[in-house]
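Source file input38.txt; content: compact mmCIF, N, CA and C atoms.
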```txt
# COMPACT_ATOMS: atom_id res chain seq x y z
N MET A 28 -12.62 36.80 82.73
CA MET A 28 -14.02 36.86 83.12
C MET A 28 -14.93 36.46 81.95
N ARG A 29 -14.57 36.78 80.76
CA ARG A 29 -15.40 36.49 79.59
C ARG A 29 -15.56 34.98 79.39
N LYS A 30 -14.46 34.22 79.55
CA LYS A 30 -14.52 32.77 79.38
C LYS A 30 -15.42 32.15 80.45
N LYS A 31 -15.26 32.60 81.69
CA LYS A 31 -16.08 32.07 82.78
C LYS A 31 -17.56 32.31 82.50
N GLU A 32 -17.88 33.49 82.02
CA GLU A 32 -19.27 33.84 81.68
C GLU A 32 -19.77 32.96 80.53
N ARG A 33 -18.94 32.75 79.52
CA ARG A 33 -19.31 31.91 78.38
C ARG A 33 -19.57 30.47 78.83
N LEU A 34 -18.67 29.94 79.67
CA LEU A 34 -18.83 28.56 80.15
C LEU A 34 -20.12 28.43 80.97
N GLU A 35 -20.39 29.38 81.81
CA GLU A 35 -21.62 29.34 82.63
C GLU A 35 -22.86 29.39 81.75
N ASN A 36 -22.82 30.21 80.71
CA ASN A 36 -23.95 30.29 79.79
C ASN A 36 -24.14 28.98 79.03
N ILE A 37 -23.05 28.38 78.58
CA ILE A 37 -23.15 27.10 77.87
C ILE A 37 -23.76 26.05 78.80
N ARG A 38 -23.28 26.01 80.03
CA ARG A 38 -23.82 25.06 81.03
C ARG A 38 -25.33 25.27 81.19
N LYS A 39 -25.75 26.51 81.26
CA LYS A 39 -27.17 26.83 81.43
C LYS A 39 -27.97 26.42 80.19
N PHE A 40 -27.47 26.72 79.00
CA PHE A 40 -28.18 26.37 77.78
C PHE A 40 -28.38 24.87 77.65
N VAL A 41 -27.34 24.11 77.94
CA VAL A 41 -27.40 22.65 77.83
C VAL A 41 -28.39 22.07 78.85
N THR A 42 -28.49 22.71 80.01
CA THR A 42 -29.43 22.25 81.03
C THR A 42 -30.87 22.65 80.70
N ASP A 43 -31.05 23.85 80.19
CA ASP A 43 -32.40 24.39 79.98
C ASP A 43 -33.03 24.04 78.63
N PHE A 44 -32.22 23.75 77.63
CA PHE A 44 -32.73 23.51 76.28
C PHE A 44 -32.21 22.17 75.74
N GLU A 45 -32.92 21.63 74.77
CA GLU A 45 -32.43 20.44 74.08
C GLU A 45 -31.53 20.92 72.94
N ILE A 46 -30.25 20.97 73.21
CA ILE A 46 -29.26 21.47 72.25
C ILE A 46 -28.66 20.28 71.53
N GLY A 47 -28.73 20.30 70.20
CA GLY A 47 -28.21 19.19 69.42
C GLY A 47 -26.93 19.47 68.67
N THR A 48 -26.61 20.75 68.48
CA THR A 48 -25.41 21.09 67.71
C THR A 48 -24.63 22.21 68.38
N GLN A 49 -23.36 22.28 68.05
CA GLN A 49 -22.54 23.37 68.56
C GLN A 49 -23.00 24.70 67.99
N GLU A 50 -23.51 24.68 66.78
CA GLU A 50 -24.01 25.91 66.16
C GLU A 50 -25.18 26.49 66.96
N GLU A 51 -26.02 25.61 67.53
CA GLU A 51 -27.11 26.09 68.37
C GLU A 51 -26.57 26.80 69.61
N ILE A 52 -25.50 26.27 70.16
CA ILE A 52 -24.88 26.91 71.33
C ILE A 52 -24.32 28.27 70.93
N VAL A 53 -23.64 28.35 69.78
CA VAL A 53 -23.11 29.62 69.29
C VAL A 53 -24.24 30.64 69.15
N GLU A 54 -25.40 30.20 68.64
CA GLU A 54 -26.54 31.10 68.45
C GLU A 54 -27.10 31.56 69.80
N HIS A 55 -27.24 30.65 70.77
CA HIS A 55 -27.71 31.03 72.10
C HIS A 55 -26.75 32.05 72.73
N LEU A 56 -25.46 31.83 72.57
CA LEU A 56 -24.47 32.77 73.10
C LEU A 56 -24.62 34.14 72.43
N ARG A 57 -24.79 34.12 71.11
CA ARG A 57 -24.94 35.37 70.37
C ARG A 57 -26.15 36.15 70.87
N GLN A 58 -27.27 35.44 71.11
CA GLN A 58 -28.48 36.09 71.61
C GLN A 58 -28.28 36.64 73.03
N SER A 59 -27.30 36.10 73.74
CA SER A 59 -26.98 36.59 75.09
C SER A 59 -25.91 37.67 75.06
N GLY A 60 -25.49 38.06 73.85
CA GLY A 60 -24.49 39.10 73.73
C GLY A 60 -23.06 38.62 73.83
N ILE A 61 -22.83 37.33 73.67
CA ILE A 61 -21.49 36.76 73.76
C ILE A 61 -21.09 36.22 72.39
N THR A 62 -19.96 36.69 71.89
CA THR A 62 -19.46 36.25 70.60
C THR A 62 -18.50 35.08 70.81
N ALA A 63 -18.76 33.99 70.07
CA ALA A 63 -17.88 32.82 70.14
C ALA A 63 -17.98 32.06 68.83
N THR A 64 -16.87 31.46 68.44
CA THR A 64 -16.87 30.64 67.23
C THR A 64 -17.23 29.20 67.58
N GLN A 65 -17.55 28.41 66.58
CA GLN A 65 -17.85 27.01 66.79
C GLN A 65 -16.64 26.30 67.37
N ALA A 66 -15.44 26.65 66.95
CA ALA A 66 -14.22 26.02 67.48
C ALA A 66 -14.05 26.32 68.96
N THR A 67 -14.35 27.55 69.37
CA THR A 67 -14.27 27.91 70.79
C THR A 67 -15.29 27.12 71.59
N VAL A 68 -16.51 27.02 71.07
CA VAL A 68 -17.57 26.26 71.75
C VAL A 68 -17.17 24.80 71.86
N SER A 69 -16.54 24.26 70.83
CA SER A 69 -16.08 22.87 70.87
C SER A 69 -15.10 22.65 72.01
N ARG A 70 -14.15 23.56 72.18
CA ARG A 70 -13.19 23.46 73.30
C ARG A 70 -13.89 23.61 74.64
N ASP A 71 -14.88 24.52 74.69
CA ASP A 71 -15.63 24.72 75.94
C ASP A 71 -16.42 23.47 76.32
N ILE A 72 -17.01 22.83 75.35
CA ILE A 72 -17.78 21.60 75.58
C ILE A 72 -16.86 20.54 76.19
N LYS A 73 -15.68 20.42 75.62
CA LYS A 73 -14.72 19.44 76.14
C LYS A 73 -14.31 19.80 77.57
N GLU A 74 -14.04 21.05 77.82
CA GLU A 74 -13.63 21.49 79.15
C GLU A 74 -14.73 21.25 80.20
N LEU A 75 -15.98 21.47 79.81
CA LEU A 75 -17.11 21.27 80.73
C LEU A 75 -17.47 19.80 80.90
N GLY A 76 -16.94 18.93 80.04
CA GLY A 76 -17.25 17.51 80.12
C GLY A 76 -18.63 17.18 79.58
N ILE A 77 -19.17 18.04 78.75
CA ILE A 77 -20.51 17.83 78.18
C ILE A 77 -20.43 16.68 77.17
N VAL A 78 -21.46 15.83 77.19
CA VAL A 78 -21.49 14.67 76.30
C VAL A 78 -22.77 14.70 75.46
N LYS A 79 -22.74 14.01 74.33
CA LYS A 79 -23.93 13.85 73.51
C LYS A 79 -24.57 12.53 73.87
N ILE A 80 -25.88 12.56 74.06
CA ILE A 80 -26.60 11.34 74.42
C ILE A 80 -27.70 11.08 73.38
N PRO A 81 -27.99 9.81 73.12
CA PRO A 81 -29.02 9.48 72.12
C PRO A 81 -30.43 9.62 72.70
N LEU A 82 -31.37 9.96 71.82
CA LEU A 82 -32.78 10.03 72.18
C LEU A 82 -33.56 8.96 71.42
N LYS A 83 -34.81 8.77 71.80
CA LYS A 83 -35.65 7.74 71.17
C LYS A 83 -35.79 7.95 69.67
N ASP A 84 -35.79 9.20 69.22
CA ASP A 84 -36.00 9.49 67.79
C ASP A 84 -34.71 9.42 66.98
N ASN A 85 -33.66 8.80 67.55
CA ASN A 85 -32.35 8.63 66.91
C ASN A 85 -31.59 9.94 66.72
N SER A 86 -32.02 11.00 67.40
CA SER A 86 -31.25 12.23 67.39
C SER A 86 -30.39 12.25 68.65
N TYR A 87 -29.56 13.27 68.78
CA TYR A 87 -28.67 13.40 69.93
C TYR A 87 -28.80 14.80 70.50
N ILE A 88 -28.61 14.91 71.83
CA ILE A 88 -28.55 16.22 72.46
C ILE A 88 -27.37 16.25 73.42
N TYR A 89 -26.93 17.45 73.74
CA TYR A 89 -25.85 17.62 74.71
C TYR A 89 -26.44 17.56 76.12
N GLU A 90 -25.70 16.93 77.03
CA GLU A 90 -26.09 16.84 78.44
C GLU A 90 -24.86 17.05 79.30
N LEU A 91 -25.07 17.63 80.48
CA LEU A 91 -24.01 17.71 81.47
C LEU A 91 -23.94 16.36 82.18
N PRO A 92 -22.77 15.81 82.35
CA PRO A 92 -22.67 14.52 83.04
C PRO A 92 -22.90 14.66 84.53
N LYS A 93 -23.40 13.59 85.13
CA LYS A 93 -23.55 13.46 86.58
C LYS A 93 -24.43 14.52 87.22
N ALA A 94 -25.28 15.15 86.45
CA ALA A 94 -26.24 16.07 87.05
C ALA A 94 -27.54 15.29 87.23
N LYS A 95 -28.01 15.20 88.41
CA LYS A 95 -29.16 14.37 88.72
C LYS A 95 -30.36 14.72 87.86
N THR A 96 -30.66 16.00 87.71
CA THR A 96 -31.82 16.38 86.92
C THR A 96 -31.63 16.00 85.47
N SER A 97 -30.44 16.13 84.95
CA SER A 97 -30.19 15.73 83.57
C SER A 97 -30.38 14.24 83.41
N ASN A 98 -29.89 13.47 84.38
CA ASN A 98 -30.04 12.03 84.29
C ASN A 98 -31.49 11.61 84.37
N LEU A 99 -32.28 12.31 85.18
CA LEU A 99 -33.70 11.98 85.25
C LEU A 99 -34.36 12.22 83.90
N LYS A 100 -34.06 13.34 83.25
CA LYS A 100 -34.60 13.60 81.92
C LYS A 100 -34.11 12.54 80.95
N LEU A 101 -32.88 12.16 81.10
CA LEU A 101 -32.30 11.15 80.22
C LEU A 101 -33.05 9.84 80.35
N ALA A 102 -33.32 9.42 81.56
CA ALA A 102 -34.07 8.18 81.76
C ALA A 102 -35.44 8.27 81.11
N GLU A 103 -36.11 9.39 81.32
CA GLU A 103 -37.45 9.57 80.76
C GLU A 103 -37.43 9.48 79.23
N ARG A 104 -36.43 10.03 78.61
CA ARG A 104 -36.34 10.06 77.15
C ARG A 104 -35.88 8.74 76.54
N ASN A 105 -35.27 7.88 77.33
CA ASN A 105 -34.62 6.72 76.75
C ASN A 105 -35.16 5.36 77.16
N ILE A 106 -36.02 5.28 78.15
CA ILE A 106 -36.59 3.99 78.53
C ILE A 106 -37.77 3.71 77.60
N LEU A 107 -37.62 2.65 76.82
CA LEU A 107 -38.65 2.29 75.84
C LEU A 107 -39.72 1.39 76.44
N SER A 108 -39.32 0.44 77.29
CA SER A 108 -40.28 -0.45 77.93
C SER A 108 -39.67 -1.04 79.19
N SER A 109 -40.54 -1.62 80.01
CA SER A 109 -40.07 -2.23 81.25
C SER A 109 -40.95 -3.43 81.59
N GLU A 110 -40.34 -4.40 82.26
CA GLU A 110 -41.05 -5.59 82.71
C GLU A 110 -40.53 -6.00 84.07
N SER A 111 -41.37 -6.69 84.83
CA SER A 111 -40.92 -7.22 86.11
C SER A 111 -41.26 -8.70 86.20
N LEU A 112 -40.43 -9.43 86.92
CA LEU A 112 -40.65 -10.84 87.20
C LEU A 112 -40.11 -11.09 88.59
N ASP A 113 -41.03 -11.28 89.53
CA ASP A 113 -40.66 -11.42 90.94
C ASP A 113 -39.81 -10.23 91.38
N ASN A 114 -38.56 -10.48 91.74
CA ASN A 114 -37.70 -9.39 92.22
C ASN A 114 -36.75 -8.89 91.13
N MET A 115 -37.02 -9.22 89.87
CA MET A 115 -36.16 -8.79 88.76
C MET A 115 -36.90 -7.76 87.89
N LEU A 116 -36.16 -6.78 87.42
CA LEU A 116 -36.70 -5.76 86.53
C LEU A 116 -35.86 -5.71 85.27
N ASN A 117 -36.53 -5.61 84.13
CA ASN A 117 -35.83 -5.54 82.85
C ASN A 117 -36.28 -4.27 82.14
N LEU A 118 -35.32 -3.43 81.77
CA LEU A 118 -35.62 -2.19 81.05
C LEU A 118 -35.02 -2.26 79.66
N LYS A 119 -35.82 -1.93 78.65
CA LYS A 119 -35.34 -1.80 77.28
C LYS A 119 -35.14 -0.31 77.01
N LEU A 120 -33.96 0.04 76.50
CA LEU A 120 -33.61 1.45 76.29
C LEU A 120 -33.16 1.71 74.87
N VAL A 121 -33.08 2.98 74.55
CA VAL A 121 -32.49 3.41 73.29
C VAL A 121 -31.04 2.93 73.30
N PRO A 122 -30.59 2.26 72.23
CA PRO A 122 -29.20 1.78 72.21
C PRO A 122 -28.21 2.90 72.51
N GLY A 123 -27.25 2.59 73.37
CA GLY A 123 -26.20 3.53 73.71
C GLY A 123 -26.48 4.37 74.94
N SER A 124 -27.66 4.25 75.52
CA SER A 124 -28.02 5.12 76.64
C SER A 124 -27.99 4.41 77.99
N THR A 125 -27.68 3.13 78.03
CA THR A 125 -27.80 2.40 79.29
C THR A 125 -26.82 2.87 80.37
N ALA A 126 -25.63 3.27 80.00
CA ALA A 126 -24.64 3.67 81.01
C ALA A 126 -25.15 4.84 81.84
N PHE A 127 -25.75 5.83 81.20
CA PHE A 127 -26.25 7.00 81.92
C PHE A 127 -27.43 6.63 82.81
N VAL A 128 -28.37 5.85 82.26
CA VAL A 128 -29.56 5.46 83.02
C VAL A 128 -29.15 4.56 84.18
N LYS A 129 -28.25 3.62 83.93
CA LYS A 129 -27.78 2.72 84.98
C LYS A 129 -27.16 3.52 86.13
N ASN A 130 -26.34 4.50 85.82
CA ASN A 130 -25.72 5.33 86.87
C ASN A 130 -26.77 6.01 87.73
N GLN A 131 -27.83 6.51 87.11
CA GLN A 131 -28.90 7.16 87.87
C GLN A 131 -29.62 6.15 88.75
N ILE A 132 -29.91 4.98 88.22
CA ILE A 132 -30.59 3.94 88.99
C ILE A 132 -29.74 3.55 90.20
N VAL A 133 -28.47 3.34 89.99
CA VAL A 133 -27.58 2.95 91.10
C VAL A 133 -27.53 4.06 92.14
N GLU A 134 -27.46 5.31 91.70
CA GLU A 134 -27.40 6.43 92.64
C GLU A 134 -28.66 6.51 93.50
N VAL A 135 -29.82 6.30 92.90
CA VAL A 135 -31.08 6.45 93.61
C VAL A 135 -31.45 5.21 94.43
N PHE A 136 -31.15 4.01 93.90
CA PHE A 136 -31.64 2.78 94.51
C PHE A 136 -30.54 1.85 95.01
N ALA A 137 -29.39 2.35 95.32
CA ALA A 137 -28.24 1.52 95.71
C ALA A 137 -28.58 0.52 96.81
N ASP A 138 -29.32 0.92 97.82
CA ASP A 138 -29.63 0.03 98.93
C ASP A 138 -30.61 -1.09 98.55
N ALA A 139 -31.44 -0.84 97.56
CA ALA A 139 -32.46 -1.81 97.17
C ALA A 139 -31.96 -2.84 96.16
N ILE A 140 -30.90 -2.52 95.44
CA ILE A 140 -30.45 -3.38 94.34
C ILE A 140 -29.41 -4.39 94.83
N PHE A 141 -29.68 -5.66 94.49
CA PHE A 141 -28.72 -6.71 94.77
C PHE A 141 -27.65 -6.74 93.68
N SER A 142 -28.12 -6.64 92.43
CA SER A 142 -27.19 -6.63 91.30
C SER A 142 -27.85 -5.94 90.11
N ILE A 143 -27.02 -5.37 89.24
CA ILE A 143 -27.53 -4.72 88.03
C ILE A 143 -26.56 -5.02 86.90
N ILE A 144 -27.11 -5.44 85.78
CA ILE A 144 -26.32 -5.80 84.60
C ILE A 144 -26.88 -5.03 83.41
N SER A 145 -25.99 -4.50 82.57
CA SER A 145 -26.49 -3.78 81.40
C SER A 145 -25.62 -4.09 80.19
N ASP A 146 -26.25 -3.97 79.02
CA ASP A 146 -25.51 -4.02 77.77
C ASP A 146 -25.86 -2.75 77.00
N ASP A 147 -25.84 -2.77 75.71
CA ASP A 147 -26.04 -1.56 74.93
C ASP A 147 -27.46 -1.01 75.00
N ASP A 148 -28.47 -1.90 75.15
CA ASP A 148 -29.86 -1.42 75.12
C ASP A 148 -30.77 -2.06 76.18
N THR A 149 -30.20 -2.76 77.16
CA THR A 149 -31.00 -3.42 78.17
C THR A 149 -30.34 -3.31 79.54
N ILE A 150 -31.17 -3.13 80.56
CA ILE A 150 -30.70 -3.16 81.94
C ILE A 150 -31.52 -4.22 82.68
N LEU A 151 -30.83 -5.14 83.35
CA LEU A 151 -31.47 -6.14 84.19
C LEU A 151 -31.08 -5.86 85.63
N MET A 152 -32.09 -5.66 86.48
CA MET A 152 -31.84 -5.41 87.90
C MET A 152 -32.41 -6.55 88.71
N ILE A 153 -31.66 -6.97 89.69
CA ILE A 153 -32.17 -7.91 90.68
C ILE A 153 -32.29 -7.10 91.98
N VAL A 154 -33.52 -6.95 92.40
CA VAL A 154 -33.81 -6.15 93.58
C VAL A 154 -33.92 -7.09 94.78
N ARG A 155 -33.58 -6.60 95.95
CA ARG A 155 -33.50 -7.44 97.15
C ARG A 155 -34.82 -8.12 97.52
N ASP A 156 -35.96 -7.48 97.25
CA ASP A 156 -37.23 -8.17 97.50
C ASP A 156 -38.28 -7.71 96.48
N LYS A 157 -39.31 -8.54 96.32
CA LYS A 157 -40.32 -8.33 95.29
C LYS A 157 -41.08 -7.01 95.47
N ASP A 158 -41.47 -6.70 96.70
CA ASP A 158 -42.21 -5.46 96.94
C ASP A 158 -41.38 -4.24 96.58
N LYS A 159 -40.11 -4.27 96.94
CA LYS A 159 -39.22 -3.15 96.62
C LYS A 159 -39.02 -3.05 95.11
N ALA A 160 -39.01 -4.20 94.43
CA ALA A 160 -38.85 -4.20 92.96
C ALA A 160 -39.99 -3.44 92.30
N LEU A 161 -41.21 -3.67 92.77
CA LEU A 161 -42.36 -2.97 92.19
C LEU A 161 -42.29 -1.47 92.48
N GLU A 162 -41.81 -1.11 93.66
CA GLU A 162 -41.65 0.30 94.02
C GLU A 162 -40.59 0.97 93.13
N VAL A 163 -39.49 0.28 92.92
CA VAL A 163 -38.42 0.79 92.06
C VAL A 163 -38.95 0.99 90.64
N LEU A 164 -39.67 0.00 90.12
CA LEU A 164 -40.21 0.08 88.77
C LEU A 164 -41.18 1.25 88.63
N GLU A 165 -42.05 1.43 89.58
CA GLU A 165 -43.01 2.55 89.52
C GLU A 165 -42.29 3.89 89.55
N THR A 166 -41.26 4.00 90.36
CA THR A 166 -40.49 5.24 90.43
C THR A 166 -39.82 5.52 89.09
N ILE A 167 -39.21 4.50 88.50
CA ILE A 167 -38.53 4.68 87.21
C ILE A 167 -39.55 5.06 86.13
N LYS A 168 -40.71 4.45 86.13
CA LYS A 168 -41.74 4.78 85.14
C LYS A 168 -42.18 6.25 85.25
N ASN A 169 -42.11 6.80 86.46
CA ASN A 169 -42.52 8.20 86.66
C ASN A 169 -41.41 9.20 86.39
N TRP A 170 -40.21 8.73 86.07
CA TRP A 170 -39.12 9.64 85.72
C TRP A 170 -39.47 10.34 84.43
```

Can you present the structure in this file as structure tokens?
Amino acid sequence: MRKKERLENIRKFVTDFEIGTQEEIVEHLRQSGITATQATVSRDIKELGIVKIPLKDNSYIYELPKAKTSNLKLAERNILSSESLDNMLNLKLVPGSTAFVKNQIVEVFADAIFSIISDDDTILMIVRDKDKALEVLETIKNW
């Protein structure tokens, strides 16, 4: 029962706070009355599938993968600029963050996107029609 409680608390901390180090997780657990070492937290992070993602300020935070709300925050923190040309959209992102943002875009706009290409810091989307492209871009800007 103790491990299950610890894992649930770690999941909650990573979702509710911008956690950048395992030591911060150990401290949050301690404040919740749960004793854990950094090594234990490291194993728990691996078990939960938690990943570190880059932010605009070149720092990193832990995020739960495939959680829609986390991905929305991720997009907001990592999209540096955007442009549109007819039915094409180009997003400039923090290097290393495109995979997460691309997954969120595909999940939300799968029916509207004809094709999407990404590299380390850019996403190019071809949307099925120009009007839908502008709608997609406005939605992404509001993330």

> So which bits of chain A end up helix (DSSP H, G or I) when you DSSP the backbone, as a ChimeraX atom specification?
Replying inline: /A:29-43,49-58,65-75,95-105,125-136,157-168

> How far is it from atom N of A:Phe141 to atom C of A:Phe127, in Å with one decimal?
Replying inline: 17.1 Å

>> If I take atom N of A:Asn130 and atom CA of A:Asn36, how far is one from the other in Å, to one decimal?
In response: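 Here the two named atoms are 26.6 Å from each other.
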
> Near stretch 65-74 of chain A, counting all atoms listed in the file, which residues have an atom at most 8 Å away, once you skip same-chain residues fewer than 2 positions from it, shown as a PyMOL selection string?
Replying inline: chain A and resi 33-34+37+49-50+52-53+62-63+76-78

Counting all atoms listed in the file, what are the residues of stretch 38-130 of chain A within 6 Å of stretch 142-157 of chain A, and for each of them which pair of atoms is the nearest and at what distance in Å, to one decimal? Sort the table by chain and rising number, as a tab-separated table.
```
residue	atom	partner	partner_atom	distance
A:Asp113	C	A:Lys157	CA	4.4
A:Asn114	C	A:Val154	N	4.0
A:Met115	CA	A:Met152	C	4.4
A:Leu116	C	A:Met152	N	4.0
A:Asn117	CA	A:Ile150	C	4.5
A:Leu118	N	A:Ile150	C	4.0
A:Lys119	CA	A:Asp148	C	4.7
A:Leu120	N	A:Asp148	C	3.8
A:Val121	C	A:Asp148	CA	4.9
A:Pro122	CA	A:Asp147	C	4.3
A:Gly123	N	A:Asp147	C	4.0
A:Ser124	N	A:Asp147	C	5.3
A:Thr125	N	A:Asp147	C	5.1
```

>> If I take atom CA of A:Leu161 and atom CA of A:Ala126, how far is one from the other in Å, to one decimal?
In response: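 Distance between the two atoms: 22.0 Å.
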
Enumerate as a CSV table (one decimal) with N, CA and C atoms, keeping the file's coordinate frame all residues of chain A assigned to strand (DSSP E or B) by DSSP on the backbone, naming them with the chain letters and numbers the document uses.
```
chain,number,residue,atom,x,y,z
A,78,VAL,N,-21.5,15.8,77.2
A,78,VAL,CA,-21.5,14.7,76.3
A,78,VAL,C,-22.8,14.7,75.5
A,79,LYS,N,-22.7,14.0,74.3
A,79,LYS,CA,-23.9,13.8,73.5
A,79,LYS,C,-24.6,12.5,73.9
A,80,ILE,N,-25.9,12.6,74.1
A,80,ILE,CA,-26.6,11.3,74.4
A,80,ILE,C,-27.7,11.1,73.4
A,81,PRO,N,-28.0,9.8,73.1
A,81,PRO,CA,-29.0,9.5,72.1
A,81,PRO,C,-30.4,9.6,72.7
A,87,TYR,N,-29.6,13.3,68.8
A,87,TYR,CA,-28.7,13.4,69.9
A,87,TYR,C,-28.8,14.8,70.5
A,88,ILE,N,-28.6,14.9,71.8
A,88,ILE,CA,-28.6,16.2,72.5
A,88,ILE,C,-27.4,16.2,73.4
A,89,TYR,N,-26.9,17.4,73.7
A,89,TYR,CA,-25.8,17.6,74.7
A,89,TYR,C,-26.4,17.6,76.1
A,90,GLU,N,-25.7,16.9,77.0
A,90,GLU,CA,-26.1,16.8,78.4
A,90,GLU,C,-24.9,17.0,79.3
A,106,ILE,N,-36.0,5.3,78.2
A,106,ILE,CA,-36.6,4.0,78.5
A,106,ILE,C,-37.8,3.7,77.6
A,107,LEU,N,-37.6,2.6,76.8
A,107,LEU,CA,-38.6,2.3,75.8
A,107,LEU,C,-39.7,1.4,76.4
A,108,SER,N,-39.3,0.4,77.3
A,108,SER,CA,-40.3,-0.4,77.9
A,108,SER,C,-39.7,-1.0,79.2
A,109,SER,N,-40.5,-1.6,80.0
A,109,SER,CA,-40.1,-2.2,81.2
A,109,SER,C,-41.0,-3.4,81.6
A,110,GLU,N,-40.3,-4.4,82.3
A,110,GLU,CA,-41.0,-5.6,82.7
A,110,GLU,C,-40.5,-6.0,84.1
A,111,SER,N,-41.4,-6.7,84.8
A,111,SER,CA,-40.9,-7.2,86.1
A,111,SER,C,-41.3,-8.7,86.2
A,112,LEU,N,-40.4,-9.4,86.9
A,112,LEU,CA,-40.6,-10.8,87.2
A,112,LEU,C,-40.1,-11.1,88.6
A,115,MET,N,-37.0,-9.2,89.9
A,115,MET,CA,-36.2,-8.8,88.8
A,115,MET,C,-36.9,-7.8,87.9
A,116,LEU,N,-36.2,-6.8,87.4
A,116,LEU,CA,-36.7,-5.8,86.5
A,116,LEU,C,-35.9,-5.7,85.3
A,117,ASN,N,-36.5,-5.6,84.1
A,117,ASN,CA,-35.8,-5.5,82.8
A,117,ASN,C,-36.3,-4.3,82.1
A,118,LEU,N,-35.3,-3.4,81.8
A,118,LEU,CA,-35.6,-2.2,81.0
A,118,LEU,C,-35.0,-2.3,79.7
A,119,LYS,N,-35.8,-1.9,78.6
A,119,LYS,CA,-35.3,-1.8,77.3
A,119,LYS,C,-35.1,-0.3,77.0
A,120,LEU,N,-34.0,0.0,76.5
A,120,LEU,CA,-33.6,1.4,76.3
A,120,LEU,C,-33.2,1.7,74.9
A,140,ILE,N,-30.9,-2.5,95.4
A,140,ILE,CA,-30.4,-3.4,94.3
A,140,ILE,C,-29.4,-4.4,94.8
A,141,PHE,N,-29.7,-5.7,94.5
A,141,PHE,CA,-28.7,-6.7,94.8
A,141,PHE,C,-27.6,-6.7,93.7
A,142,SER,N,-28.1,-6.6,92.4
A,142,SER,CA,-27.2,-6.6,91.3
A,142,SER,C,-27.8,-5.9,90.1
A,143,ILE,N,-27.0,-5.4,89.2
A,143,ILE,CA,-27.5,-4.7,88.0
A,143,ILE,C,-26.6,-5.0,86.9
A,144,ILE,N,-27.1,-5.4,85.8
A,144,ILE,CA,-26.3,-5.8,84.6
A,144,ILE,C,-26.9,-5.0,83.4
A,145,SER,N,-26.0,-4.5,82.6
A,145,SER,CA,-26.5,-3.8,81.4
A,145,SER,C,-25.6,-4.1,80.2
A,149,THR,N,-30.2,-2.8,77.2
A,149,THR,CA,-31.0,-3.4,78.2
A,149,THR,C,-30.3,-3.3,79.5
A,150,ILE,N,-31.2,-3.1,80.6
A,150,ILE,CA,-30.7,-3.2,81.9
A,150,ILE,C,-31.5,-4.2,82.7
A,151,LEU,N,-30.8,-5.1,83.4
A,151,LEU,CA,-31.5,-6.1,84.2
A,151,LEU,C,-31.1,-5.9,85.6
A,152,MET,N,-32.1,-5.7,86.5
A,152,MET,CA,-31.8,-5.4,87.9
A,152,MET,C,-32.4,-6.6,88.7
A,153,ILE,N,-31.7,-7.0,89.7
A,153,ILE,CA,-32.2,-7.9,90.7
A,153,ILE,C,-32.3,-7.1,92.0
A,154,VAL,N,-33.5,-7.0,92.4
A,154,VAL,CA,-33.8,-6.2,93.6
A,154,VAL,C,-33.9,-7.1,94.8
```

Missing atoms in stretch 51-59 of chain A should be modelled up to N, CA, C and O atoms and reported as a PDB file, in the coordinates of the input.
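Saved the output as part.pdb:
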```
ATOM      1  N   GLU A  51     -26.020  25.610  67.530  1.00  0.00           N
ATOM      2  CA  GLU A  51     -27.110  26.090  68.370  1.00  0.00           C
ATOM      3  C   GLU A  51     -26.570  26.800  69.610  1.00  0.00           C
ATOM      4  O   GLU A  51     -27.120  27.807  70.045  1.00  0.00           O
ATOM      5  N   ILE A  52     -25.500  26.270  70.160  1.00  0.00           N
ATOM      6  CA  ILE A  52     -24.880  26.910  71.330  1.00  0.00           C
ATOM      7  C   ILE A  52     -24.320  28.270  70.930  1.00  0.00           C
ATOM      8  O   ILE A  52     -24.510  29.261  71.655  1.00  0.00           O
ATOM      9  N   VAL A  53     -23.640  28.350  69.780  1.00  0.00           N
ATOM     10  CA  VAL A  53     -23.110  29.620  69.290  1.00  0.00           C
ATOM     11  C   VAL A  53     -24.240  30.640  69.150  1.00  0.00           C
ATOM     12  O   VAL A  53     -24.103  31.796  69.552  1.00  0.00           O
ATOM     13  N   GLU A  54     -25.400  30.200  68.640  1.00  0.00           N
ATOM     14  CA  GLU A  54     -26.540  31.100  68.450  1.00  0.00           C
ATOM     15  C   GLU A  54     -27.100  31.560  69.800  1.00  0.00           C
ATOM     16  O   GLU A  54     -27.413  32.738  69.973  1.00  0.00           O
ATOM     17  N   HIS A  55     -27.240  30.650  70.770  1.00  0.00           N
ATOM     18  CA  HIS A  55     -27.710  31.030  72.100  1.00  0.00           C
ATOM     19  C   HIS A  55     -26.750  32.050  72.730  1.00  0.00           C
ATOM     20  O   HIS A  55     -27.188  33.011  73.364  1.00  0.00           O
ATOM     21  N   LEU A  56     -25.460  31.830  72.570  1.00  0.00           N
ATOM     22  CA  LEU A  56     -24.470  32.770  73.100  1.00  0.00           C
ATOM     23  C   LEU A  56     -24.620  34.140  72.430  1.00  0.00           C
ATOM     24  O   LEU A  56     -24.601  35.170  73.103  1.00  0.00           O
ATOM     25  N   ARG A  57     -24.790  34.120  71.110  1.00  0.00           N
ATOM     26  CA  ARG A  57     -24.940  35.370  70.370  1.00  0.00           C
ATOM     27  C   ARG A  57     -26.150  36.150  70.870  1.00  0.00           C
ATOM     28  O   ARG A  57     -26.089  37.362  71.092  1.00  0.00           O
ATOM     29  N   GLN A  58     -27.270  35.440  71.110  1.00  0.00           N
ATOM     30  CA  GLN A  58     -28.480  36.090  71.610  1.00  0.00           C
ATOM     31  C   GLN A  58     -28.280  36.640  73.030  1.00  0.00           C
ATOM     32  O   GLN A  58     -29.001  37.538  73.436  1.00  0.00           O
ATOM     33  N   SER A  59     -27.300  36.100  73.740  1.00  0.00           N
ATOM     34  CA  SER A  59     -26.980  36.590  75.090  1.00  0.00           C
ATOM     35  C   SER A  59     -25.910  37.670  75.060  1.00  0.00           C
ATOM     36  O   SER A  59     -25.419  38.098  76.107  1.00  0.00           O
TER      37      SER A  59
END
```
